[in-house]
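The block underneath contains the structure these notes are about, expressed in structure tokens.
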Amino acid sequence: MAHEADLVIRGGLIADGSGGEPFIGDIAISGGIIMAVGRDLPITGGEEIEALGLVITPGFVDIHTHYDGQVTWEHRLRPTSGHGVTTAVMGNCGIGFAPCRPEDRQRLMRLMEGVEDLPEPVLAAGLPWNWTSFPDYLDSLAARDYDIDFAAQLPHSALRVYAMGGRGANREAATGEDIALMARLAAEAMDAGALGFSTSRTINHRASDGSSVPTLTAAEDELTGIALGLKAAGKGVLQLVSDFEDVAQELPMLRRIVEASGRPLSIAVGQWHHAPERWRTIMDWVTEANRDGLPVAAQVPGRPIGLLLGFELTMNPFMICPSYQALSSLSVADKLKALHDSDLRTRIISEAQGPTDHPAAPLLRSFETMFVMGNPPNYEPKPETMLGARARAAGITPQDLAYDEMLKDGGRAVLILPVMNFIERNLDVTLEMVSHEHTVLGLGDGGAHLGYLCDASLPTFMLTHFVRDRARGGKLTLGEAVKALTVDTARVVGLLDRGRIAPGFKADLNIIDWERLNLRPPTVAYDLPSGGRRLTQDAVGYVATIVNGAVVYRDGAPTGALPGRLVRGQRSVPPA
């Protein structure tokens with residue numbers, strides 16, 4: 001007997017991505033497309049899933065990842081794909097590996113190592129380097145199969161070095177000829193399927209040799225010229241990260257670039273702890289730009305951006321102490337064993353930080369905002385649970401407490417130090433940001449910062465904390481949160497064929513056990529090329545994740561299906 005659909009999901013609570021009230025219904029899928037949605041569909045499926053009591057959402061669209069290296073050696077975009085994400089956009093912040101001449105490979109690997117904490121030995125072992133141009137890079141990726149879909153952006157640092165060589169790396173001013181070449185290459189990349197162009201203007205982005213990113217001081221004529229390359233191609237979005245230390249100069253420049261090119265722009269915005277009200281100034285500018293018909297959005301994080309600290313990780317409060325640094329040559333197991341020695345503990349705790357130019361050094365003793373991650377992780381703990389307050393209550397130093405907390409779980413316990421979005425010790429401002437009409441969720445950074453950040457779990461956090469569990473302030477409805485994770489992010493990057501549960505849209509879906517949905521603590525895995533280390537974070541409660549109509553994960557375990565593909569360019573809304 002012939003089946004009318006490949007897959008039918010029966011009786012789930014459907015949050016369809018529109019932002020409206022969820023409803024009970026069935027979903028029929030055929031050929032990787034949703035063919036029908038409704039109550040008691042009279043359609044048979046080759047496979048049928050009973051979803052009574054479960055929540056069904058569109059697959060989540062994560063527009064800020066850094067899987068530029070991982071997609072060349074892995075078929076799974078974990079940990080992002082373990083949190084209901086079915087489409088990821090990489091190549092953010094102007095960092096990536098194409099275009100690239102052979103003589104510049106080392107330079108780009110050092111950039112990725114410094115900016116995104118992907119060790120150079122991992123990159124050297126994993127990257128096949130079977131490309132020179134950006135179209136070649138996309139062709140290489142298109143030949144591989146993946147668990148989820150992904151799209152790539154053209155990174156400014158790679159483009160600048162390719163066009164200008166050492167002059168570009170050393171941040172010399174681009175000539176008219178340089179700009180013309182970058183504009184032509186940008187148009188070529190868009191025509192080949194790049195989703196957009198990204199750049200970085202933050203001093204926090206440095207190569208592993210300490211040098212600033214090549215794009216830090218790129219002038220307006222260079223940025224405008226590249227944006228005009230996108231205009232010539234008639235496609236592509238612009239993405240930018242900046243410190244916004246001089247909003248009076250930078251914001252008008254960005255407006256002029258959008259006005260000249262007509263291309264959509266998204267900028268990374270958070271609540272900087274040293275300038276807690278600056279985000280409001282930026283959002284006023286974003287609102288004004290949209291009121292004037294300019295397509296500008298702000299990518300905002302949905303929880304504190306925080307450094308994860310631990311003895312097994314890249315950073316901890318004692319990493320610059322001489323007695324701790326003396327352990328650097330030991331294996332992880334031997335170092336953790338040594339740290340249990342009481343005499344060594346006393347020396348490390350009593351020592352001041354040694355001389356260093358590490359950019360995070362001034363933050364590493366911020367015990368008043370540091371807290372234990374916990375299981376399940378709590379990203380909005382009460383002020384009295386911060387390490388400083390706990391140490392005072394116990395009559396000990398915060399150094400003593402931090403050391404002992406990190407020694408738990410065999411020396412693998414994790415502390416978190418928020419550096420953005422937590423200056424008031426709560427997430428009220430974060431909720432305000434997320435709820436703004438011109439913001440979208442971003443900055444999950446999957447595939448990057450592998451030794452001190454793990455925010456790819458943001459979708460699971462948004463659902464569990466801001467919809468279901470939050471007790472310290474306002475919340476989101478299920479419909480609002482799902483729309484923020486699907487339709488809103490997809491729209492900003494022009495992927496309009498996904499993010500909705502409606503006929504004609506891509507059959508990318510999550511089936512979720514709402515009561516069981518939860519985050520696991522971050523853990524360290526040594527599964528990168530050459531045995532490299534990375535932080536990862538799992539979730540429970542995803543009964544199934546479906547990509548292009550195929551079930552890729554059941555209860556968090558891969559099924560073996562790899563229907564994900566490189567998405568070349570933007571996509572239109574499917575016909576009704």
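Ordering of the structure tokens sets the chain letters (A, B, ...); residue numbers start at 1 within each chain; ligands are numbered from 1 in the order shown.
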Notebook entry, point to check: Within 9 Å of Gly532 in chain A, counting only C-alpha atoms, which residues qualify if same-chain residues fewer than 5 places away don't, as an MDAnalysis selection string?
Noted result: chainID A and resid 118:119 121:122 525:527
Next item on the list: Could you find all residues in range 243-399 of chain A that DSSP calls alpha helix (DSSP H) from the backbone, and write them as a count of residues only?
Entry: 59
Next item on the list: With a distance cut-off of 10 Å and only C-alpha atoms, select the neighbouring residues of range 221-237 of chain A, excluding the residue or stretch itself and same-chain residues fewer than 5 positions from it, and output the selection as a ChimeraX atom specification.
Entry: /A:153-154,156,159-160,173-176,178-191,193-199,215,253-254,256-266,295,492-494,569-570
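Nearest residue to His449 in chain A, choosing from A:Asp104, A:Asp246, A:Glu116, A:Asp147 and counting only C-alpha atoms: A:Glu116.
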Margin query: Which of range 221-329 of chain A end up as strand (DSSP E) when DSSP is run on this backbone - answer as a PyMOL selection string?
Written below: chain A and resi 237-242+265-268+296-300+305-309
Item checked: Close residues, Val551 in chain A itself excluded, 10 Å, only C-alpha atoms, min 4 positions apart in chain, as an NGL selection string -> :A and (7 or 147 or 508-510 or 544-547 or 558-563)
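Minimum atom-to-atom distance to Asp40 in chain A, evaluated using only C-alpha atoms, belongs to A:Ile27 out of A:Val332, A:Ile27, A:Cys454, A:Val573.
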